[in-house]
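Next up, start.cif (mmCIF, N, CA and C atoms):
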```cif
data_structure
#
loop_
_atom_site.group_PDB
_atom_site.id
_atom_site.type_symbol
_atom_site.label_atom_id
_atom_site.label_comp_id
_atom_site.auth_asym_id
_atom_site.auth_seq_id
_atom_site.Cartn_x
_atom_site.Cartn_y
_atom_site.Cartn_z
ATOM 1 N N MET A 1 87.250 78.835 136.480
ATOM 2 C CA MET A 1 87.560 80.235 136.639
ATOM 3 C C MET A 1 87.025 80.976 135.405
ATOM 4 N N THR A 2 86.315 82.055 135.628
ATOM 5 C CA THR A 2 85.776 82.865 134.549
ATOM 6 C C THR A 2 86.587 84.146 134.404
ATOM 7 N N TYR A 3 87.042 84.409 133.209
ATOM 8 C CA TYR A 3 87.818 85.608 132.916
ATOM 9 C C TYR A 3 86.891 86.762 132.556
ATOM 10 N N ARG A 4 87.336 87.950 132.848
ATOM 11 C CA ARG A 4 86.602 89.158 132.475
ATOM 12 C C ARG A 4 87.110 89.616 131.111
ATOM 13 N N ILE A 5 86.200 89.905 130.193
ATOM 14 C CA ILE A 5 86.557 90.358 128.846
ATOM 15 C C ILE A 5 86.563 91.885 128.831
ATOM 16 N N ILE A 6 87.662 92.470 128.368
ATOM 17 C CA ILE A 6 87.795 93.923 128.251
ATOM 18 C C ILE A 6 88.145 94.236 126.796
ATOM 19 N N TRP A 7 87.415 95.155 126.207
ATOM 20 C CA TRP A 7 87.678 95.577 124.827
ATOM 21 C C TRP A 7 88.403 96.910 124.841
ATOM 22 N N GLU A 8 89.542 96.997 124.159
ATOM 23 C CA GLU A 8 90.214 98.278 123.988
ATOM 24 C C GLU A 8 89.375 99.149 123.051
ATOM 25 N N PRO A 9 89.461 100.468 123.195
ATOM 26 C CA PRO A 9 88.659 101.359 122.346
ATOM 27 C C PRO A 9 88.851 101.129 120.849
ATOM 28 N N ASN A 10 90.064 100.856 120.407
ATOM 29 C CA ASN A 10 90.296 100.625 118.970
ATOM 30 C C ASN A 10 89.544 99.399 118.465
ATOM 31 N N ALA A 11 89.517 98.343 119.270
ATOM 32 C CA ALA A 11 88.793 97.138 118.877
ATOM 33 C C ALA A 11 87.285 97.399 118.865
ATOM 34 N N THR A 12 86.808 98.154 119.832
ATOM 35 C CA THR A 12 85.382 98.499 119.877
ATOM 36 C C THR A 12 84.999 99.351 118.677
ATOM 37 N N ASN A 13 85.824 100.308 118.327
ATOM 38 C CA ASN A 13 85.554 101.161 117.162
ATOM 39 C C ASN A 13 85.503 100.343 115.873
ATOM 40 N N ALA A 14 86.403 99.377 115.749
ATOM 41 C CA ALA A 14 86.392 98.512 114.567
ATOM 42 C C ALA A 14 85.102 97.699 114.527
ATOM 43 N N ALA A 15 84.670 97.201 115.670
ATOM 44 C CA ALA A 15 83.434 96.421 115.728
ATOM 45 C C ALA A 15 82.243 97.263 115.279
ATOM 46 N N VAL A 16 82.192 98.507 115.692
ATOM 47 C CA VAL A 16 81.096 99.398 115.299
ATOM 48 C C VAL A 16 81.102 99.604 113.788
ATOM 49 N N ARG A 17 82.279 99.773 113.197
ATOM 50 C CA ARG A 17 82.370 99.943 111.746
ATOM 51 C C ARG A 17 81.899 98.688 111.010
ATOM 52 N N PHE A 18 82.306 97.511 111.494
ATOM 53 C CA PHE A 18 81.941 96.265 110.837
ATOM 54 C C PHE A 18 80.460 95.927 111.034
ATOM 55 N N LEU A 19 79.865 96.408 112.091
ATOM 56 C CA LEU A 19 78.465 96.118 112.382
ATOM 57 C C LEU A 19 77.543 96.574 111.261
ATOM 58 N N LYS A 20 77.872 97.707 110.646
ATOM 59 C CA LYS A 20 77.034 98.240 109.565
ATOM 60 C C LYS A 20 76.984 97.297 108.366
ATOM 61 N N ASP A 21 78.119 96.689 108.028
ATOM 62 C CA ASP A 21 78.214 95.830 106.846
ATOM 63 C C ASP A 21 77.848 94.375 107.102
ATOM 64 N N ASP A 22 78.122 93.886 108.303
ATOM 65 C CA ASP A 22 78.004 92.447 108.558
ATOM 66 C C ASP A 22 77.542 92.166 109.987
ATOM 67 N N PRO A 23 76.284 92.443 110.308
ATOM 68 C CA PRO A 23 75.824 92.213 111.688
ATOM 69 C C PRO A 23 75.875 90.742 112.099
ATOM 70 N N THR A 24 75.632 89.825 111.166
ATOM 71 C CA THR A 24 75.662 88.393 111.494
ATOM 72 C C THR A 24 77.084 87.942 111.815
ATOM 73 N N GLY A 25 78.041 88.376 111.002
ATOM 74 C CA GLY A 25 79.440 88.015 111.248
ATOM 75 C C GLY A 25 79.945 88.583 112.552
ATOM 76 N N LEU A 26 79.544 89.809 112.842
ATOM 77 C CA LEU A 26 79.986 90.428 114.087
ATOM 78 C C LEU A 26 79.345 89.755 115.299
ATOM 79 N N ALA A 27 78.114 89.286 115.157
ATOM 80 C CA ALA A 27 77.472 88.540 116.248
ATOM 81 C C ALA A 27 78.265 87.272 116.557
ATOM 82 N N ALA A 28 78.775 86.612 115.515
ATOM 83 C CA ALA A 28 79.599 85.414 115.712
ATOM 84 C C ALA A 28 80.901 85.763 116.427
ATOM 85 N N VAL A 29 81.473 86.922 116.104
ATOM 86 C CA VAL A 29 82.700 87.373 116.771
ATOM 87 C C VAL A 29 82.434 87.578 118.263
ATOM 88 N N TYR A 30 81.357 88.287 118.589
ATOM 89 C CA TYR A 30 81.044 88.537 119.997
ATOM 90 C C TYR A 30 80.774 87.236 120.748
ATOM 91 N N GLU A 31 80.123 86.295 120.092
ATOM 92 C CA GLU A 31 79.858 85.006 120.723
ATOM 93 C C GLU A 31 81.167 84.264 121.010
ATOM 94 N N ALA A 32 82.084 84.276 120.040
ATOM 95 C CA ALA A 32 83.376 83.609 120.219
ATOM 96 C C ALA A 32 84.204 84.285 121.311
ATOM 97 N N VAL A 33 84.182 85.624 121.337
ATOM 98 C CA VAL A 33 84.940 86.345 122.365
ATOM 99 C C VAL A 33 84.333 86.092 123.749
ATOM 100 N N ASP A 34 83.019 86.061 123.840
ATOM 101 C CA ASP A 34 82.370 85.755 125.123
ATOM 102 C C ASP A 34 82.761 84.370 125.616
ATOM 103 N N ALA A 35 82.924 83.416 124.694
ATOM 104 C CA ALA A 35 83.321 82.054 125.067
ATOM 105 C C ALA A 35 84.738 82.011 125.640
ATOM 106 N N LEU A 36 85.565 83.015 125.302
ATOM 107 C CA LEU A 36 86.925 83.070 125.852
ATOM 108 C C LEU A 36 86.917 83.233 127.368
ATOM 109 N N ALA A 37 85.845 83.755 127.934
ATOM 110 C CA ALA A 37 85.761 83.932 129.386
ATOM 111 C C ALA A 37 85.871 82.587 130.102
ATOM 112 N N GLU A 38 85.361 81.538 129.477
ATOM 113 C CA GLU A 38 85.423 80.199 130.077
ATOM 114 C C GLU A 38 86.626 79.401 129.583
ATOM 115 N N THR A 39 86.985 79.602 128.315
ATOM 116 C CA THR A 39 88.102 78.868 127.708
ATOM 117 C C THR A 39 88.993 79.872 126.987
ATOM 118 N N PRO A 40 89.946 80.469 127.698
ATOM 119 C CA PRO A 40 90.753 81.536 127.094
ATOM 120 C C PRO A 40 91.751 81.072 126.029
ATOM 121 N N ARG A 41 92.029 79.787 125.992
ATOM 122 C CA ARG A 41 92.976 79.258 125.010
ATOM 123 C C ARG A 41 92.327 78.122 124.222
ATOM 124 N N PRO A 42 91.285 78.422 123.443
ATOM 125 C CA PRO A 42 90.616 77.347 122.693
ATOM 126 C C PRO A 42 91.521 76.789 121.601
ATOM 127 N N ALA A 43 91.191 75.602 121.136
ATOM 128 C CA ALA A 43 91.989 74.962 120.088
ATOM 129 C C ALA A 43 92.003 75.791 118.805
ATOM 130 N N ALA A 44 90.964 76.582 118.580
ATOM 131 C CA ALA A 44 90.884 77.408 117.369
ATOM 132 C C ALA A 44 91.798 78.626 117.419
ATOM 133 N N SER A 45 92.358 78.940 118.577
ATOM 134 C CA SER A 45 93.246 80.102 118.682
ATOM 135 C C SER A 45 94.704 79.656 118.577
ATOM 136 N N THR A 46 95.555 80.610 118.193
ATOM 137 C CA THR A 46 96.979 80.312 118.067
ATOM 138 C C THR A 46 97.783 81.381 118.793
ATOM 139 N N PRO A 47 98.935 80.996 119.340
ATOM 140 C CA PRO A 47 99.801 82.007 119.958
ATOM 141 C C PRO A 47 100.270 83.007 118.911
ATOM 142 N N TYR A 48 100.412 84.256 119.322
ATOM 143 C CA TYR A 48 100.867 85.322 118.434
ATOM 144 C C TYR A 48 101.887 86.132 119.216
ATOM 145 N N GLY A 49 103.140 85.811 119.027
ATOM 146 C CA GLY A 49 104.191 86.454 119.814
ATOM 147 C C GLY A 49 104.213 85.875 121.226
ATOM 148 N N TRP A 50 104.773 86.626 122.143
ATOM 149 C CA TRP A 50 104.907 86.150 123.531
ATOM 150 C C TRP A 50 103.636 86.335 124.338
ATOM 151 N N ASP A 51 102.956 87.447 124.159
ATOM 152 C CA ASP A 51 101.881 87.807 125.064
ATOM 153 C C ASP A 51 100.478 87.727 124.480
ATOM 154 N N PHE A 52 100.337 87.432 123.211
ATOM 155 C CA PHE A 52 99.036 87.522 122.563
ATOM 156 C C PHE A 52 98.600 86.198 121.971
ATOM 157 N N ARG A 53 97.306 86.113 121.704
ATOM 158 C CA ARG A 53 96.732 84.985 120.977
ATOM 159 C C ARG A 53 95.860 85.547 119.870
ATOM 160 N N ARG A 54 95.672 84.752 118.845
ATOM 161 C CA ARG A 54 94.888 85.173 117.689
ATOM 162 C C ARG A 54 93.780 84.153 117.470
ATOM 163 N N LEU A 55 92.589 84.670 117.241
ATOM 164 C CA LEU A 55 91.421 83.823 117.031
ATOM 165 C C LEU A 55 90.740 84.240 115.739
ATOM 166 N N ARG A 56 90.499 83.289 114.855
ATOM 167 C CA ARG A 56 89.780 83.577 113.615
ATOM 168 C C ARG A 56 88.332 83.153 113.790
ATOM 169 N N VAL A 57 87.444 84.063 113.402
ATOM 170 C CA VAL A 57 86.003 83.801 113.451
ATOM 171 C C VAL A 57 85.438 84.223 112.099
ATOM 172 N N GLY A 58 85.180 83.262 111.228
ATOM 173 C CA GLY A 58 84.712 83.592 109.884
ATOM 174 C C GLY A 58 85.731 84.459 109.161
ATOM 175 N N ASP A 59 85.292 85.634 108.697
ATOM 176 C CA ASP A 59 86.178 86.557 107.988
ATOM 177 C C ASP A 59 86.935 87.496 108.927
ATOM 178 N N TYR A 60 86.819 87.296 110.221
ATOM 179 C CA TYR A 60 87.400 88.213 111.197
ATOM 180 C C TYR A 60 88.542 87.549 111.951
ATOM 181 N N ARG A 61 89.415 88.391 112.468
ATOM 182 C CA ARG A 61 90.475 87.919 113.355
ATOM 183 C C ARG A 61 90.462 88.802 114.600
ATOM 184 N N VAL A 62 90.659 88.161 115.720
ATOM 185 C CA VAL A 62 90.654 88.846 117.002
ATOM 186 C C VAL A 62 92.025 88.628 117.640
ATOM 187 N N LEU A 63 92.657 89.703 118.036
ATOM 188 C CA LEU A 63 93.931 89.629 118.734
ATOM 189 C C LEU A 63 93.662 89.971 120.192
ATOM 190 N N TYR A 64 94.109 89.097 121.098
ATOM 191 C CA TYR A 64 93.819 89.329 122.509
ATOM 192 C C TYR A 64 94.963 88.865 123.393
ATOM 193 N N ALA A 65 95.008 89.414 124.585
ATOM 194 C CA ALA A 65 96.014 89.061 125.584
ATOM 195 C C ALA A 65 95.305 88.489 126.796
ATOM 196 N N ILE A 66 95.904 87.476 127.402
ATOM 197 C CA ILE A 66 95.344 86.852 128.596
ATOM 198 C C ILE A 66 96.228 87.229 129.779
ATOM 199 N N ASP A 67 95.611 87.735 130.821
ATOM 200 C CA ASP A 67 96.338 88.040 132.058
ATOM 201 C C ASP A 67 95.811 87.106 133.138
ATOM 202 N N ASP A 68 96.551 86.022 133.387
ATOM 203 C CA ASP A 68 96.122 85.031 134.369
ATOM 204 C C ASP A 68 96.169 85.561 135.795
ATOM 205 N N ASP A 69 97.026 86.532 136.065
ATOM 206 C CA ASP A 69 97.132 87.084 137.417
ATOM 207 C C ASP A 69 95.900 87.895 137.792
ATOM 208 N N VAL A 70 95.356 88.644 136.841
ATOM 209 C CA VAL A 70 94.203 89.514 137.107
ATOM 210 C C VAL A 70 92.905 88.840 136.657
ATOM 211 N N ILE A 71 93.018 87.728 135.926
ATOM 212 C CA ILE A 71 91.889 86.986 135.391
ATOM 213 C C ILE A 71 91.059 87.860 134.455
ATOM 214 N N HIS A 72 91.725 88.403 133.446
ATOM 215 C CA HIS A 72 90.994 89.114 132.415
ATOM 216 C C HIS A 72 91.640 88.892 131.050
ATOM 217 N N ILE A 73 90.840 89.119 130.032
ATOM 218 C CA ILE A 73 91.277 89.002 128.646
ATOM 219 C C ILE A 73 91.090 90.370 128.014
ATOM 220 N N LEU A 74 92.128 90.889 127.408
ATOM 221 C CA LEU A 74 92.104 92.198 126.780
ATOM 222 C C LEU A 74 92.063 92.019 125.268
ATOM 223 N N VAL A 75 90.946 92.387 124.654
ATOM 224 C CA VAL A 75 90.821 92.321 123.196
ATOM 225 C C VAL A 75 91.456 93.587 122.658
ATOM 226 N N THR A 76 92.552 93.441 121.918
ATOM 227 C CA THR A 76 93.317 94.598 121.482
ATOM 228 C C THR A 76 93.049 94.998 120.035
ATOM 229 N N HIS A 77 92.612 94.048 119.217
ATOM 230 C CA HIS A 77 92.441 94.347 117.799
ATOM 231 C C HIS A 77 91.361 93.463 117.205
ATOM 232 N N LEU A 78 90.570 94.022 116.332
ATOM 233 C CA LEU A 78 89.587 93.268 115.562
ATOM 234 C C LEU A 78 89.750 93.692 114.117
ATOM 235 N N GLY A 79 89.967 92.741 113.240
ATOM 236 C CA GLY A 79 90.153 93.051 111.827
ATOM 237 C C GLY A 79 89.404 92.070 110.956
ATOM 238 N N ARG A 80 89.226 92.457 109.710
ATOM 239 C CA ARG A 80 88.540 91.596 108.743
ATOM 240 C C ARG A 80 89.562 91.111 107.734
ATOM 241 N N THR A 81 89.464 89.861 107.351
ATOM 242 C CA THR A 81 90.453 89.265 106.443
ATOM 243 C C THR A 81 90.118 89.488 104.980
ATOM 244 N N THR A 82 88.888 89.826 104.667
ATOM 245 C CA THR A 82 88.533 90.025 103.257
ATOM 246 C C THR A 82 88.104 91.447 103.011
#
```
Show me this structure written as structure tokens.
Amino acid sequence: MTYRIIWEPNATNAAVRFLKDDPTGLAAVYEAVDALAETPRPAASTPYGWDFRRLRVGDYRVLYAIDDDVIHILVTHLGRTT
């Protein structure tokens, strides 16, 4: 089953800001998020509360929610750790 990836506007805006400083790091983030379509709960991700999961990609963290009923993943937040 392939999930549909949806980015919330706040996460997209953060990605645009980070793109200017770190295009290579952001490319890795997009690659990791795209991989969630096939494996929404990879070993590298951890549960975050009841409804969310957190994925670290290099210096970035991605917060996302999985909706198994609708088969989509909602990326709610993208942040940088450094």
Ground truth for the PyMOL selection byres ((chain A and resi 69-72) around 7), written as JSON, numbers by chain: {"A": [2, 3, 4, 5, 6, 65, 66, 67, 68, 73, 74]}
Evaluate the PyMOL selection byres ((chain A and resi 80) around 7) on the structure here and hand back the selected residues as a PyMOL selection string. chain A and resi 59-61+78-79+81-82
Quick one: of A:Phe18, A:Tyr64, A:Tyr30, A:Trp7, who's nearest to A:Thr46, counting only C-alpha atoms?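 Comparing A:Phe18, A:Tyr64, A:Tyr30, A:Trp7 against A:Thr46, the winner is A:Tyr64.
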One-decimal distance in Å that lies between atom CA of A:Pro9 and atom CA of A:Gly49: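 Separating atom CA of A:Gly49 from atom CA of A:Pro9 is a distance of 21.7 Å.
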By how many Å are atom C of A:Ala27 and atom C of A:Phe52 apart?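 Distance reported for this atom pair: 21.1 Å.
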Just checking: using all atoms listed in the file, which residue out of A:Met1, A:Asn13, A:Arg41, A:Asp34 ends up closest to A:Arg53?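 Going through A:Met1, A:Asn13, A:Arg41, A:Asp34 one by one, the smallest distance to A:Arg53 is for A:Arg41.
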Box along x, y and z, 8 Å on every side, all listed atoms of stretch 71-76 of chain A inside: centre and edge lengths in Å to one decimal, as AutoDock Vina command-line options.
```
--center_x 92.1 --center_y 91.0 --center_z 128.0 --size_x 18.5 --size_y 24.0 --size_z 31.9
```
Stretch 16-27 of chain A rebuilt with all heavy atoms, output as a PDB file, keeping the file's coordinate frame:
```pdb
ATOM      1  N   VAL A  16      82.192  98.507 115.692  1.00  0.00           N
ATOM      2  CA  VAL A  16      81.096  99.398 115.299  1.00  0.00           C
ATOM      3  C   VAL A  16      81.102  99.604 113.788  1.00  0.00           C
ATOM      4  O   VAL A  16      80.047  99.584 113.143  1.00  0.00           O
ATOM      5  CB  VAL A  16      81.193 100.746 116.056  1.00  0.00           C
ATOM      6  CG1 VAL A  16      80.245 101.772 115.471  1.00  0.00           C
ATOM      7  CG2 VAL A  16      80.928 100.539 117.539  1.00  0.00           C
ATOM      8  N   ARG A  17      82.279  99.773 113.197  1.00  0.00           N
ATOM      9  CA  ARG A  17      82.370  99.943 111.746  1.00  0.00           C
ATOM     10  C   ARG A  17      81.899  98.688 111.010  1.00  0.00           C
ATOM     11  O   ARG A  17      81.182  98.762 110.021  1.00  0.00           O
ATOM     12  CB  ARG A  17      83.800 100.268 111.332  1.00  0.00           C
ATOM     13  CG  ARG A  17      84.219 101.684 111.621  1.00  0.00           C
ATOM     14  CD  ARG A  17      85.529 102.044 110.932  1.00  0.00           C
ATOM     15  NE  ARG A  17      86.593 101.066 111.057  1.00  0.00           N
ATOM     16  CZ  ARG A  17      87.469 101.012 112.065  1.00  0.00           C
ATOM     17  NH1 ARG A  17      87.402 101.891 113.060  1.00  0.00           N
ATOM     18  NH2 ARG A  17      88.422 100.106 112.083  1.00  0.00           N
ATOM     19  N   PHE A  18      82.306  97.511 111.494  1.00  0.00           N
ATOM     20  CA  PHE A  18      81.941  96.265 110.837  1.00  0.00           C
ATOM     21  C   PHE A  18      80.460  95.927 111.034  1.00  0.00           C
ATOM     22  O   PHE A  18      79.874  95.229 110.213  1.00  0.00           O
ATOM     23  CB  PHE A  18      82.798  95.109 111.348  1.00  0.00           C
ATOM     24  CG  PHE A  18      84.258  95.249 111.038  1.00  0.00           C
ATOM     25  CD1 PHE A  18      85.212  94.857 111.958  1.00  0.00           C
ATOM     26  CD2 PHE A  18      84.688  95.778 109.832  1.00  0.00           C
ATOM     27  CE1 PHE A  18      86.561  94.978 111.680  1.00  0.00           C
ATOM     28  CE2 PHE A  18      86.042  95.907 109.543  1.00  0.00           C
ATOM     29  CZ  PHE A  18      86.975  95.506 110.469  1.00  0.00           C
ATOM     30  N   LEU A  19      79.865  96.408 112.091  1.00  0.00           N
ATOM     31  CA  LEU A  19      78.465  96.118 112.382  1.00  0.00           C
ATOM     32  C   LEU A  19      77.543  96.574 111.261  1.00  0.00           C
ATOM     33  O   LEU A  19      76.574  95.898 110.925  1.00  0.00           O
ATOM     34  CB  LEU A  19      78.065  96.779 113.710  1.00  0.00           C
ATOM     35  CG  LEU A  19      76.635  96.556 114.173  1.00  0.00           C
ATOM     36  CD1 LEU A  19      76.383  95.075 114.403  1.00  0.00           C
ATOM     37  CD2 LEU A  19      76.379  97.330 115.452  1.00  0.00           C
ATOM     38  N   LYS A  20      77.872  97.707 110.646  1.00  0.00           N
ATOM     39  CA  LYS A  20      77.034  98.240 109.565  1.00  0.00           C
ATOM     40  C   LYS A  20      76.984  97.297 108.366  1.00  0.00           C
ATOM     41  O   LYS A  20      75.941  97.115 107.752  1.00  0.00           O
ATOM     42  CB  LYS A  20      77.554  99.598 109.118  1.00  0.00           C
ATOM     43  CG  LYS A  20      77.500 100.660 110.195  1.00  0.00           C
ATOM     44  CD  LYS A  20      78.178 101.928 109.737  1.00  0.00           C
ATOM     45  CE  LYS A  20      78.280 102.913 110.882  1.00  0.00           C
ATOM     46  NZ  LYS A  20      79.075 104.085 110.530  1.00  0.00           N
ATOM     47  N   ASP A  21      78.119  96.689 108.028  1.00  0.00           N
ATOM     48  CA  ASP A  21      78.214  95.830 106.846  1.00  0.00           C
ATOM     49  C   ASP A  21      77.848  94.375 107.102  1.00  0.00           C
ATOM     50  O   ASP A  21      77.355  93.704 106.202  1.00  0.00           O
ATOM     51  CB  ASP A  21      79.648  95.856 106.290  1.00  0.00           C
ATOM     52  CG  ASP A  21      80.083  97.229 105.828  1.00  0.00           C
ATOM     53  OD1 ASP A  21      79.199  98.036 105.490  1.00  0.00           O
ATOM     54  OD2 ASP A  21      81.297  97.479 105.813  1.00  0.00           O
ATOM     55  N   ASP A  22      78.122  93.886 108.303  1.00  0.00           N
ATOM     56  CA  ASP A  22      78.004  92.447 108.558  1.00  0.00           C
ATOM     57  C   ASP A  22      77.542  92.166 109.987  1.00  0.00           C
ATOM     58  O   ASP A  22      78.315  91.672 110.810  1.00  0.00           O
ATOM     59  CB  ASP A  22      79.362  91.793 108.286  1.00  0.00           C
ATOM     60  CG  ASP A  22      79.319  90.291 108.353  1.00  0.00           C
ATOM     61  OD1 ASP A  22      78.220  89.703 108.342  1.00  0.00           O
ATOM     62  OD2 ASP A  22      80.407  89.684 108.416  1.00  0.00           O
ATOM     63  N   PRO A  23      76.284  92.443 110.308  1.00  0.00           N
ATOM     64  CA  PRO A  23      75.824  92.213 111.688  1.00  0.00           C
ATOM     65  C   PRO A  23      75.875  90.742 112.099  1.00  0.00           C
ATOM     66  O   PRO A  23      76.188  90.428 113.251  1.00  0.00           O
ATOM     67  CB  PRO A  23      74.394  92.748 111.701  1.00  0.00           C
ATOM     68  CG  PRO A  23      73.989  92.889 110.290  1.00  0.00           C
ATOM     69  CD  PRO A  23      75.238  93.020 109.477  1.00  0.00           C
ATOM     70  N   THR A  24      75.632  89.825 111.166  1.00  0.00           N
ATOM     71  CA  THR A  24      75.662  88.393 111.494  1.00  0.00           C
ATOM     72  C   THR A  24      77.084  87.942 111.815  1.00  0.00           C
ATOM     73  O   THR A  24      77.312  87.219 112.785  1.00  0.00           O
ATOM     74  CB  THR A  24      75.098  87.559 110.326  1.00  0.00           C
ATOM     75  OG1 THR A  24      73.793  88.044 110.013  1.00  0.00           O
ATOM     76  CG2 THR A  24      75.028  86.096 110.683  1.00  0.00           C
ATOM     77  N   GLY A  25      78.041  88.376 111.002  1.00  0.00           N
ATOM     78  CA  GLY A  25      79.440  88.015 111.248  1.00  0.00           C
ATOM     79  C   GLY A  25      79.945  88.583 112.552  1.00  0.00           C
ATOM     80  O   GLY A  25      80.669  87.919 113.298  1.00  0.00           O
ATOM     81  N   LEU A  26      79.544  89.809 112.842  1.00  0.00           N
ATOM     82  CA  LEU A  26      79.986  90.428 114.087  1.00  0.00           C
ATOM     83  C   LEU A  26      79.345  89.755 115.299  1.00  0.00           C
ATOM     84  O   LEU A  26      79.989  89.625 116.346  1.00  0.00           O
ATOM     85  CB  LEU A  26      79.694  91.922 114.083  1.00  0.00           C
ATOM     86  CG  LEU A  26      80.497  92.707 115.099  1.00  0.00           C
ATOM     87  CD1 LEU A  26      81.987  92.553 114.858  1.00  0.00           C
ATOM     88  CD2 LEU A  26      80.125  94.153 115.071  1.00  0.00           C
ATOM     89  N   ALA A  27      78.114  89.286 115.157  1.00  0.00           N
ATOM     90  CA  ALA A  27      77.472  88.540 116.248  1.00  0.00           C
ATOM     91  C   ALA A  27      78.265  87.272 116.557  1.00  0.00           C
ATOM     92  O   ALA A  27      78.449  86.910 117.726  1.00  0.00           O
ATOM     93  CB  ALA A  27      76.031  88.208 115.885  1.00  0.00           C
TER      94      ALA A  27
END
```
